[in-house]
Every structure is written in structure tokens, then in C-alpha cells.
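Trainee: Just dropping this structure here.
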Amino acid sequence: MITSKQIQNSITNAKEVLLKNSVQIGILIVLVIVVSLFFHQGRGLQYSYQVDDITRDPVIAPFNFPILKTQEKLTIDLDEALRSEPYLFQRNQEGVQNQIIALREYFLLVTKIRSASDQLDKTKELLYRYRHDEKYEEVRSMYRADSTTRVVLQNQYEKDYPTLATENERFSILDPQEPFQSNQSLDQFYEELLQICKNRWAEGIVDIDVAAIISDEVSIDQGDIPILLKPEELNDLNIAWTHSKKEINSLYSDEADIRRELGYNILVEFMKPNIIYGKDITERRQKNRLDIVPRNQGIMLKNEMIIDANQRITPDIYQKLTSLSIAIGKLENREKGWDQVISYLGRLMMIAVVISFFFTFLLTYRSYIFSDKKLVLLIALIFAIIIGLTDLFVFRFEFSEYLIPISVAAMLLTILFDARIGFMGTISITLLSGILIGNNLEFIITIIFISSVAMYMVRRLRTRSQFITTIIAMMVASLFVVLAHGLYKGHVWPDMQIDLIYLMVASLLTPIITYGLIGIVEVTFGITTDLTLLELLDFNHPLLKRMQRDANGTFNHSIVVGNLAEACADAINARSLLCRVGAYYHDIGKMVRPEYFIENQFSGENKHDGLTESMSAKIIRNHVSEGLKLAEEYGLPKIISDFIPMHHGTTRVEYFYRKALEKSDGKAVDEYAFRYPGPKPNSKETGILMLCEAIEAAVRSIKEPDIFKVEEMIDKIFKMRLDDTQLDECPLTIDDLRRIKGRVDGQTGMLPVLRGIYHIRIEYPEEKQIAV
């Protein structure tokens with residue numbers, strides 16, 4: 001029976017949790033509210049089925065509602081309405097007259113230039129004839145005047161007709177040469193070109209592309225009664241120019257005749273549209289025509305059976321159910337007051353329930369993440385962004401739901417944290433998105449399956465090429481799940497192709513987008529992913545290169561400890577890569593005074609011989625603070641620099657402490673002066689490194705090591721660390737310690753690695769007895 005004291009304790013604990021995580025809870029409340037803004041009211045969700053689904057209950061119309069046309073049928077009807085509304089044009093006879101005048105003025109200018117050129121040639125002859133005559137100056141003045149007239153006319157021609165002026169460099173209409181030797185031939189050329197223009201204007205030249213006319217007929221206003229024509233009966237400029245080109249070629253059959261190309265160029269210059277499109281009035285009439293197109297194709301009466309229970313949803317029934325959901329949504333949007341409050345409250349509660357799936361898991365099994373405000377904010381942002389994109393893609397842009405980047409969120413959560421967080425987060429996000437788009441079970445199953453494959457591929461990220469293999473794996477998974485749904489529902493292959501194409505595009509883009517986002521998230525939120533850890537493993541990193549140069553013994557020790565720690569982490573499914581990187585950098589502080597550490601004393605001289613025990617202990621302890629300074633200087637991530645103080649925790653510098661006790665003659669020795677500052681390990685990885693570092697050093701000191709001595713030393717170190725409470729703050733269990741130790745003939749844990757490092761042969765008791 002529950003006592004009042006137990007209830008009081010539970011209330012007290014709940015208050016402590018709320019106070020401790022008040023910021024995180026505030027973030028979650030904001031997340032629920034933000035996500036709720038994208039959700040529609042949910043009463044219509046009870047009618048959310050897909051084609052070929054089987055109904056759970058009978059569906060009866062709760063009120064009269066119209067049956068909406070399908071999008072395909074509505075599109076056909078709207079297109080037909082547009083085709084039935086004629087494009088409106090007006091014949092512009094004034095424009096034709098203006099172009100006729102412009103063509104005549106062109107030929108008049110040409111005639112003037114030809115006459116001016118002819119007069120200039122005659123004056124030039126006179127100038128030569130009277131070069132020794134007393135009339136020479138008079139003739140010379142005439143020549144200058146004629147030359148000026150010719151230049152002025154030529155400049156006017158180039159200014160008014162730049163295109164034709166350029167063509168004159170190839171063949172000139174301005175010079176009295178074949179076939180324009182006389183003005184009479186020029187006038188005939190003008191009349192022929194004018195007649196061709198009139199022919200085209202009579203046919204009608206519209207000022208828009210004929211192919212752009214979508215109506216079945218066009219209406220041309222000619223001032224009295226409009227005429228209706230088929231669009232193909234009209235010419236646009238390109239068609240008119242083509243017909244004119246053919247007519248010119250028939251007039252001038254000789255291919256060498258310059259009038260063929262020259263005439264075409266002149267026609268292009270002066271032949272303008274004479275049928276003008278009335279865009280504003282046409283679009284206004286089209287809109288009116290579209291507005292009267294019915295959006296409905298019937299009506300369902302109240303209490304009319306839509307479909308009975310345990311029946312397959314056909315496309316017609318699906319459209320009726322969709323129409324009912326839309327009708328319910330419109331009614332809900334008109335709700336006011338208390339009804340609206342209740343509806344929104346239900347929406348908030350439903351969203352909170354789904355989001356709680358993930359964050360309850362986080363609080364229970366990953367409390368260290370939930371306690372970090374920045375990480376909770378990051379996860380909340382991922383949730384909110386994906387739900388926002390769901391609304392944007394499906395309802396705003398009407399893209400396929402399979403383009404929603406839920407798999408990006410799955411991969412991000414897996415790479416940034418771990419696969420369990422990734423899986424739980426994906427489940428919650430997919431459920432929210434599936435509910436938002438109408439309880440689409442097929443979508444939920446598809447996305448969870450493909451995202452699970454993606455998470456599996458990147459759960460242990462070691463190389464960047466894994467992103468390529470992830471693309472291939474996601475494509476194969478997409479093909480599999482589309483075939484599975486298609487075969488189950490009896491779809492034919494063409495019906496499956498559209499979804500498969502969208503999923504293939506998403507599979508290609510997801511790893512690429514994820515790779516680009518990782519760096520941004522790492523920098524913004526201070527998270528260290530496996531990609532960064534892989535970069536820190538490079539022996540060309542400045543700290544590792546310096547350690548190889550200044551403290552080679554410590555460097556080799558760190559590599560051995562890294563191998564050992566990685567094997568131990570694998571044994572208990574901890575982050576093995578993090579253990580290895582932490583081991584590489586845990587003793588970087590020894591580079592400051594490497595000669596005071598035994599692994600770097602190659603000359604046989606011991607620097608501690610002339611120092612007191614407390615001073616030696618201080619120097620040894622200082623490698624922790626020096627290491628933290630170097631970590632900050634070189635920008636090591638905090639998750640790596642944590643290994644520097646935690647691999648010793650608050651243990652004693654045992655060797656010098658024992659020596660101090662021996663020399664104390666019974667006097668008290670300040671134990672604190674011989675203890676490391678801590679803190680103690682607070683994760684499985686830092687706890688593993690503490691054990692591996694101590695065991696590696698201890699095993700190295702064993703004379704003539706065998707497997708029994710090594711195993712005994714491991715047990716001794718484990719007991720010392722447990723008795724000294726060094727592992728109290730990290731989540732290592734007794735079972736974890738057993739697996740970390742491993743078995744002599746096993747493949748995981750410490751013993752197999754140590755056996756390989758020190759070439760220890762397994763000797764069994766029977767062998768020793770025989771040897772005796």
C-alpha cells in the first residue's frame with residue numbers, strides 16, 4: 001500500500017526534476033506549440049484512407065456535402081474551359097498604313113542617295129575637266145556641296161536603318177548597278193515588296209506566338225462584326241517571314257539575284273503585326289470562365305452510406321472521403337469560442353504525446369543529453385524544421401511526401417548522438433509527419449524502413465566513403481519497400497514508378513545534405529562527431545607530431561592505451577573511436593616536462609632523484625593542468641579534453657605517496673598533496689581509459705609476465721579503483737567490468753589485446769605440473 005510519505009517523496013522528486021530541467025521543459029513546451037501551428041484540426045483524420053485500404057468501420061455522411069472533382073478531372077475541365085474562351089485580337093489597319101508609309105519613305109531615301117551619288121559622280125567629272133580652267137573654283141564648290149549632301153543622306157540612312165546599312169556591305173541597293181541600274185527597276189522592286197507585305201497583312205500577322213494560343217478559336221475585331229478563326233489560320237511573324245521568303249524566291253528564281261536576300265531583309269525590317277492581342281480583356285474573360293467551372297461532381301446527402309465496413313477503398317470512394325474531410329475542415333475553421341479552444345487543446349495534447357515518446361526515452365536512457373540545454377534545443381529544432389518542411393512540401397508546394405527530409409534528421413541524430421537516439425527520434429518525427437499529412441500508414445512504414453537502413457549504415461562512421469554506400473543502400477531499400485507495398489496492394493509497375501523516382505531522388509540527396517549539415521551543427525552547438533574524431537586520429541595533427549618529437553615514450557604509451565581502450569569499448573558497445581582518440585591525447589601535458597616521466601627516460605638518469613616526494617608528485621600531477629592548457633591552445637573538443645583530468649580522477653600518485661610515508665617517521669603526510677585534482681570519470685569512455693591507462697602501466701612493470709599475473713593485475717586495479725570510489729560517477733556496471741576484462745581465449749576485452757602486445761602464451765595448470 002502506498003503511504004503518504006511515499007507520495008510526498010514522489011512529489012518532492014518531481015519538483016526537483018522540474019526545477020533542474022526547467023529550461024529543457026520550456027523548450028519542449030515551445031516545440032509543442034510551434035509544431036501545433038502546422039497541424040490542422042483533426043476530426044477529418046478519421047476518414048483518412050488510401051486507395052486499396054480496407055475500411056475499419058462503416059462511413060456514413062454526417063451532413064450534406066459536395067463531392068469534389070479529382071485534381072486530374074478538375075484540371076481537364078479547367079483546360080477545356082480555357083480552350084473554349086477565344087483569344088481576343090483587334091485588326092490594326094492604322095499600323096499597316098504606317099508601315100506602308102515607312103516602306104515608301106525608305107525607298108525615297110534610297111532614291112535620294114542614289115541621285116546624290118549620281119550627281120556627285122557628274123560633279124567629279126566636271127572637276128577633272130575644269131582642273132586648269134578659271135571655273136575650277138566654282139566647280140570645286142559644287143563638288144563639296146554635292147559630297148556633303150551625299151554624306152548627310154548616307155548618315156541618315158545608317159541612323160534610321162542600322163540593320164539594313166550593315167547588310168549593304170554585302171550587296172547594296174544604293175549603287176546604280178545590276179539589277180538596280182535605273183530608278184524604274186527600283187520602283188518595281190518596291191511595288192513587289194509592298195505587294196508581299198499586303199498579302200501577309202491580308203492573311204493577318206498576330207503579335208504573339210501562334211503556338212502560345214491555347215483556345216480553340218480566336219476572335220478578331222475588325223470594327224464591325226468580329227470574325228472567328230482557328231489559330232492555325234493565323235500567322236505570327238516567324239510564319240509570315242517564312243511565307244514571304246518563299247514568295248520572294250518564286251519572284252526571283254535566280255539564286256545569285258541579290259534581290260532574294262535583300263528583299264527578305266527589307267521585309268523583316270518593315271513587316272510588323274497587324275493583329276494585336278488584347279491581353280487584359282482576354283485574361284479577364286478567361287478568369288470569369290474558370291470561375292464558373294463547377295468544382296463538384298455531385299453531392300452526398302446526410303445519412304447516405306459512403307462505404308461499408310471491411311470494404312476496399314476505390315478511387316471514387318477515396319474522392320468522397322477526401323471531400324468529406326475537406327468539408328469537415330471548413331466547418332472546423334468556422335468554429336469559434338469554446339469549441340475552437342477544445343479542438344486546439346486536443347491538438348496540443350496529441351502532439352505532446354508523440355513528442356514525449358522520444359524525450360521520455362532521452363530523459364530515462366540518455367539523461368546526460370537531456371541535461372544539456374543546447375543539445376535539447378538542437379533536437380527540438382530538428383523536430384520543428386522537419387514538421388515545418390512537411391507542411392511546406394506537401395501543402396504549400398504540393399510535392400510528394402517522400403521528399404520530406406526525415407532521413408536527414410535520422411542520419412543527423414545518429415551521427416551526432418547514437419543509433420538509438422536516431423531511431424527513437426525518427427519514429428517520433430515520422431509519426432508527426434504521417435499524422436499531419438492524413439494518417440498515411442504507407443508513408444510511415446516506408447520512411448521508417450529507409451531511415452533505419454540509413455542509420456544502420458552510419459551508426460559507426462569511420463570513413464567518408466560510407467556516405468556513398470549509404471546512398472546505394474537507401475536506393476536498394478527504396479526499391480524493396482515500393483515493391484513490397486505495390487505487390488501487397490496489387491499495383492502494377494507503372495503505378496509504383498512515381499513513388500520510386502521520388503524515393504531515389506531523396507536517397508541520393510539525403511547523405512549529401514547530411515554531410516553538409518554536420519559541420520554547421522558541430523560548430524554551432526559544440527558537438528564532436530565521429531568525422532571530427534577521425535581527423536584527430538591523424539598522426540600529422542600538430543599535437544601528435546609534437547608528442548612524437550618531444551615525448552616519444554609517452555606517444556608510444558598513448559598508442560598502446562588507445563588499442564586497449566578501443567577493444568574494451570567494443571566489448572561493451574561504448575564509443576570505441578572516442579576511446580581511441582581520448583587515449584591519444586590524454587597525456588599531452590607530459591610534453592611540457594617529458595624527462596620527469598619514466599617512459600621518456602632513455603638515458604638511465606632519473607630527474608626525481610634530487611627532489612622531495614611532494615615536489616615530484618606536484619610535477620607528475622601538473623601534467624593534467626598542462627594538458628588542459630595545451631588542449632585549449634590547440635582547440636581540442638571538450639569531449640576529448642575531458643579525458644585529460646578524468647583518466648586519473650582523484651587518485652593518488654601512489655609511488656611517491658608510499659615513499660613519503662616511508663620517510664615520514666610516523667608523521668602525518670598530507671594525502672591531498674599527492675592526489676590528482678579530478679574530476680572523476682563521468683562516462684563509460686573516460687572510465688574505460690582510466691582502467692586501461694593504469695593496467696597498461698602496471699602490466700608493463702611485471703617481470704616475466706604470464707597470463708595469470710596479468711589477470712591478477714587487472715583484478716587488482718579494478719578493485720583499487722572501485723574501493724577508491726573512482727568509478728562512482730560513471731555508468732560502468734560490474735557486468736561491464738567483466739566484459740572489459742575479457743577472456744584469455746576470447747576476442748574482446750583487455751586480455752586478448754595484452755596477450756598480443758606482450759606475446760604471452762597461454763599456460764594452463766596442467767602444463768605447469770608437467771613441467772615440474
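Chain labels follow the order of the C-alpha cells: the first chain is A, the next B, and so on; residue numbering restarts at 1 in every chain, and ligands are counted from 1 in their shown order.
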Give me every strand (DSSP E or B) residue in segment 91-337 of chain A, going by DSSP on the backbone, as a list in words.
Mentor: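 Of segment 91-337 of chain A, only Arg91, Ile205, Val206, Val218, Ser219, Ile220, Asp221, Ile227, Leu228, Leu229, Asn235, Ile275, Ile276, Tyr277, Asn296, Gln297, Gly298, Ile299, Met300, Met305, Ile306, Ile307 and Arg312 of chain A fall in strand (DSSP E or B).
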Trainee: Residues within 10 Å of segment 388-390 of chain A, please, as a list of chain:residue names. Count only C-alpha atoms; anything in the same chain fewer than 6 positions from it doesn't count.
Mentor: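 Once the adjacent positions are removed, what remains is A:Val34, A:Val35, A:Leu37, A:Phe38, A:Phe39, A:Ile382, A:Arg396, A:Phe399, A:Ser400, A:Glu401, A:Tyr402, A:Leu403, A:Ile404, A:Pro405, A:Ile406, A:Leu432, A:Ser433, A:Gly434, A:Leu436, A:Ile437.
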Trainee: Leaving out Ser147 of chain A and any residue of its chain fewer than 4 positions from it, which residues lie within 7 Å of it when counting only C-alpha atoms, given as a ChimeraX atom specification?
Mentor: /A:120,143,151
Trainee: Would you mind exporting N, CA and C atoms of the selected residues as a PDB file, in the first residue's frame?
Mentor:
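Output file out-v6.pdb follows:
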ATOM      1  N   LEU A 120      27.085  63.461-107.590  1.00  0.00           N
ATOM      2  CA  LEU A 120      28.466  63.595-107.130  1.00  0.00           C
ATOM      3  C   LEU A 120      29.446  63.083-108.171  1.00  0.00           C
ATOM      4  N   TYR A 143      31.256  70.562-106.085  1.00  0.00           N
ATOM      5  CA  TYR A 143      31.635  69.197-105.683  1.00  0.00           C
ATOM      6  C   TYR A 143      31.534  69.038-104.158  1.00  0.00           C
ATOM      7  N   VAL A 151      26.940  62.638 -98.015  1.00  0.00           N
ATOM      8  CA  VAL A 151      27.315  62.161 -96.680  1.00  0.00           C
ATOM      9  C   VAL A 151      26.148  62.304 -95.706  1.00  0.00           C
TER      10      VAL A 151
END
Trainee: Please identify which residues in segment 386-635 of chain A DSSP calls alpha helix (DSSP H) from the backbone, and express them as a ChimeraX atom specification.
Mentor: /A:386-391,406-416,419-436,441-458,466-489,493-525,530-536,542-550,552-571,576-585,613-633
Trainee: Just want the 8 Å neighbourhood of Leu544 of chain A, counted on only C-alpha atoms, with same-chain residues fewer than 4 positions away dropped. Output as a PyMOL selection string.
Mentor: chain A and resi 539-540+548+555+584-585
Trainee: One decimal, Å: what's the distance from atom CA of Tyr277 of chain A over to atom CA of Leu88 of chain A, could you say?
Mentor: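 Pair atom CA of Tyr277 of chain A / atom CA of Leu88 of chain A returns 6.2 Å.
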Trainee: Looking at A:Phe65, A:Ile640, A:Val51, A:Glu105, which one is nearest to Ala327 of chain A, with distances taken over only C-alpha atoms?
Mentor: A:Phe65
Trainee: Of the candidates A:Leu577, A:Gln319, A:Leu153, A:Asp118, which shows the shortest atom-to-atom distance to Gln297 of chain A, using only C-alpha atoms?
Mentor: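 Residue with the minimum atom-to-atom distance to Gln297 of chain A: A:Gln319.
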Trainee: Can you tell me, as an MDAnalysis selection string, what residues are no more than 12 Å from Thr524 of chain A when counting only C-alpha atoms, ignoring any on the same chain fewer than 5 positions away?
Mentor: chainID A and resid 374:375 377:378 517:519
Trainee: Atoms to include: N, CA and C atoms. Write the selected residues as a PDB file, in the first residue's frame.
Mentor:
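Result file out09.pdb:
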ATOM      1  N   LYS A 374      21.700  23.003 -24.650  1.00  0.00           N
ATOM      2  CA  LYS A 374      21.994  23.219 -26.069  1.00  0.00           C
ATOM      3  C   LYS A 374      21.594  22.012 -26.905  1.00  0.00           C
ATOM      4  N   LEU A 375      21.830  20.827 -26.369  1.00  0.00           N
ATOM      5  CA  LEU A 375      21.505  19.626 -27.131  1.00  0.00           C
ATOM      6  C   LEU A 375      19.997  19.434 -27.238  1.00  0.00           C
ATOM      7  N   LEU A 377      17.854  21.867 -27.257  1.00  0.00           N
ATOM      8  CA  LEU A 377      17.449  22.884 -28.234  1.00  0.00           C
ATOM      9  C   LEU A 377      17.727  22.402 -29.650  1.00  0.00           C
ATOM     10  N   LEU A 378      18.883  21.770 -29.869  1.00  0.00           N
ATOM     11  CA  LEU A 378      19.220  21.255 -31.205  1.00  0.00           C
ATOM     12  C   LEU A 378      18.197  20.219 -31.653  1.00  0.00           C
ATOM     13  N   LEU A 517      25.420  19.428 -43.463  1.00  0.00           N
ATOM     14  CA  LEU A 517      24.888  19.990 -42.220  1.00  0.00           C
ATOM     15  C   LEU A 517      25.728  19.651 -40.999  1.00  0.00           C
ATOM     16  N   ILE A 518      26.458  18.537 -41.049  1.00  0.00           N
ATOM     17  CA  ILE A 518      27.195  18.081 -39.865  1.00  0.00           C
ATOM     18  C   ILE A 518      28.168  19.157 -39.382  1.00  0.00           C
ATOM     19  N   GLY A 519      28.944  19.710 -40.301  1.00  0.00           N
ATOM     20  CA  GLY A 519      29.918  20.723 -39.913  1.00  0.00           C
ATOM     21  C   GLY A 519      29.274  21.940 -39.283  1.00  0.00           C
TER      22      GLY A 519
END
Trainee: For Leu564 of chain A, find every residue with an atom within 9 Å (counting only C-alpha atoms), except residues of its own chain fewer than 5 positions away, and show them as a CSV table (one decimal) with all heavy atoms, in the first residue's frame.
Mentor:
chain,number,residue,atom,x,y,z
A,559,ILE,N,49.5,5.2,-27.8
A,559,ILE,CA,49.0,4.4,-28.9
A,559,ILE,C,48.6,3.0,-28.3
A,559,ILE,O,47.5,2.5,-28.7
A,559,ILE,CB,50.1,4.2,-30.0
A,559,ILE,CG1,50.5,5.5,-30.6
A,559,ILE,CG2,49.6,3.3,-31.1
A,559,ILE,CD1,49.4,6.3,-31.1
A,569,ALA,N,36.1,-0.8,-25.3
A,569,ALA,CA,34.8,-0.1,-25.6
A,569,ALA,C,34.0,-1.0,-26.5
A,569,ALA,O,32.7,-1.0,-26.4
A,569,ALA,CB,35.1,1.2,-26.3
A,580,ARG,N,39.7,5.7,-28.4
A,580,ARG,CA,41.0,5.7,-29.0
A,580,ARG,C,41.5,7.1,-29.1
A,580,ARG,O,42.7,7.4,-28.8
A,580,ARG,CB,40.9,5.0,-30.4
A,580,ARG,CG,42.3,5.1,-31.2
A,580,ARG,CD,42.2,4.4,-32.5
A,580,ARG,NE,42.3,3.0,-32.4
A,580,ARG,CZ,43.4,2.3,-32.2
A,580,ARG,NH1,44.6,2.9,-32.2
A,580,ARG,NH2,43.4,1.0,-32.2
A,689,LEU,N,39.2,4.5,-20.1
A,689,LEU,CA,40.5,5.0,-20.2
A,689,LEU,C,41.3,5.0,-18.9
A,689,LEU,O,42.5,4.6,-18.9
A,689,LEU,CB,40.5,6.4,-20.8
A,689,LEU,CG,41.9,6.9,-21.2
A,689,LEU,CD1,42.6,6.1,-22.2
A,689,LEU,CD2,41.9,8.4,-21.6
A,692,CYS,N,42.3,1.4,-18.4
A,692,CYS,CA,43.3,0.9,-19.4
A,692,CYS,C,44.7,1.6,-19.2
A,692,CYS,O,45.7,0.9,-19.3
A,692,CYS,CB,42.8,1.2,-20.8
A,692,CYS,SG,41.4,0.2,-21.3
A,693,GLU,N,44.6,2.9,-18.8
A,693,GLU,CA,45.9,3.6,-18.6
A,693,GLU,C,46.7,3.0,-17.4
A,693,GLU,O,47.9,2.7,-17.5
A,693,GLU,CB,45.6,5.0,-18.4
A,693,GLU,CG,46.7,6.0,-18.7
A,693,GLU,CD,47.6,6.3,-17.5
A,693,GLU,OE1,47.3,5.9,-16.4
A,693,GLU,OE2,48.7,6.8,-17.7
A,696,GLU,N,47.8,-0.8,-18.3
A,696,GLU,CA,48.9,-0.9,-19.3
A,696,GLU,C,50.2,-0.6,-18.5
A,696,GLU,O,51.2,-1.3,-18.8
A,696,GLU,CB,48.7,0.1,-20.4
A,696,GLU,CG,49.6,0.0,-21.6
A,696,GLU,CD,51.0,0.6,-21.4
A,696,GLU,OE1,51.0,1.6,-20.6
A,696,GLU,OE2,51.9,0.2,-22.0
A,749,GLY,N,37.8,-7.4,-25.2
A,749,GLY,CA,38.3,-7.0,-23.9
A,749,GLY,C,39.8,-6.9,-23.8
A,749,GLY,O,40.5,-6.9,-24.8
A,750,MET,N,40.3,-6.7,-22.6
A,750,MET,CA,41.7,-6.4,-22.4
A,750,MET,C,42.6,-7.6,-22.6
A,750,MET,O,43.7,-7.5,-23.2
A,750,MET,CB,41.9,-6.0,-20.9
A,750,MET,CG,41.4,-4.6,-20.6
A,750,MET,SD,41.9,-4.1,-19.0
A,750,MET,CE,41.2,-2.5,-18.9
A,753,VAL,N,44.1,-8.5,-26.0
A,753,VAL,CA,45.0,-7.4,-26.5
A,753,VAL,C,46.3,-7.5,-25.8
A,753,VAL,O,47.4,-7.4,-26.4
A,753,VAL,CB,44.3,-6.0,-26.4
A,753,VAL,CG1,45.3,-4.9,-26.8
A,753,VAL,CG2,43.0,-5.9,-27.2
A,754,LEU,N,46.3,-7.6,-24.5
A,754,LEU,CA,47.5,-7.6,-23.7
A,754,LEU,C,48.3,-8.9,-24.1
A,754,LEU,O,49.5,-8.8,-24.1
A,754,LEU,CB,47.2,-7.6,-22.2
A,754,LEU,CG,46.6,-6.3,-21.7
A,754,LEU,CD1,46.1,-6.5,-20.2
A,754,LEU,CD2,47.7,-5.2,-21.8
Trainee: When distances are computed from only C-alpha atoms, which of A:Ala352, A:Ile317, A:Leu636, A:Leu164 shows the smallest separation from Glu261 of chain A?
Mentor: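 Under the stated criterion, the closest residue is A:Leu164.
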Trainee: Name the closest residue to Val581 of chain A among the candidates A:Asp495, A:Asp257, A:Glu566, A:Asp735; distances are taken between atoms, counting only C-alpha atoms.
Mentor: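 Checking each of A:Asp495, A:Asp257, A:Glu566, A:Asp735 against Val581 of chain A, counting only C-alpha atoms, the winner is A:Glu566.
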Trainee: Check which residues of segment 304-402 of chain A sit at most 12 Å from segment 712-731 of chain A using only C-alpha atoms, and return one row each with the closest pair of atoms and their distance in Å to one decimal, ordered by chain and rising number, as a tab-separated table.
Mentor:
residue	atom	partner	partner_atom	distance
A:Tyr365	CA	A:Pro731	CA	11.0
A:Arg366	CA	A:Pro731	CA	11.1
A:Ser367	CA	A:Pro731	CA	11.4
A:Tyr368	CA	A:Pro731	CA	10.9
Trainee: What does the file look like for those residues with N, CA and C atoms, as a JSON list (two decimals), in the first residue's frame?
Mentor:
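Contents of part_31.json, freshly written:
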[["chain", "number", "residue", "atom", "x", "y", "z"],
["A", 365, "TYR", "N", 17.17, 7.16, -20.60],
["A", 365, "TYR", "CA", 18.35, 6.40, -21.01],
["A", 365, "TYR", "C", 19.52, 7.27, -21.46],
["A", 366, "ARG", "N", 19.27, 8.54, -21.71],
["A", 366, "ARG", "CA", 20.35, 9.44, -22.12],
["A", 366, "ARG", "C", 20.21, 10.74, -21.33],
["A", 367, "SER", "N", 20.19, 10.62, -20.02],
["A", 367, "SER", "CA", 19.92, 11.79, -19.16],
["A", 367, "SER", "C", 21.00, 12.85, -19.31],
["A", 368, "TYR", "N", 22.23, 12.42, -19.63],
["A", 368, "TYR", "CA", 23.31, 13.41, -19.78],
["A", 368, "TYR", "C", 23.06, 14.31, -20.99]]
Trainee: Separation of atom CA of Asp77 of chain A and atom CA of Tyr318 of chain A, in Å?
Mentor: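 Distance reported for this atom pair: 20.0 Å.
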Trainee: In Å, with one decimal, what is the gap from atom CA of His541 of chain A to atom CA of Cys568 of chain A?
Mentor: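 Separation of atom CA of His541 of chain A and atom CA of Cys568 of chain A: 24.9 Å.
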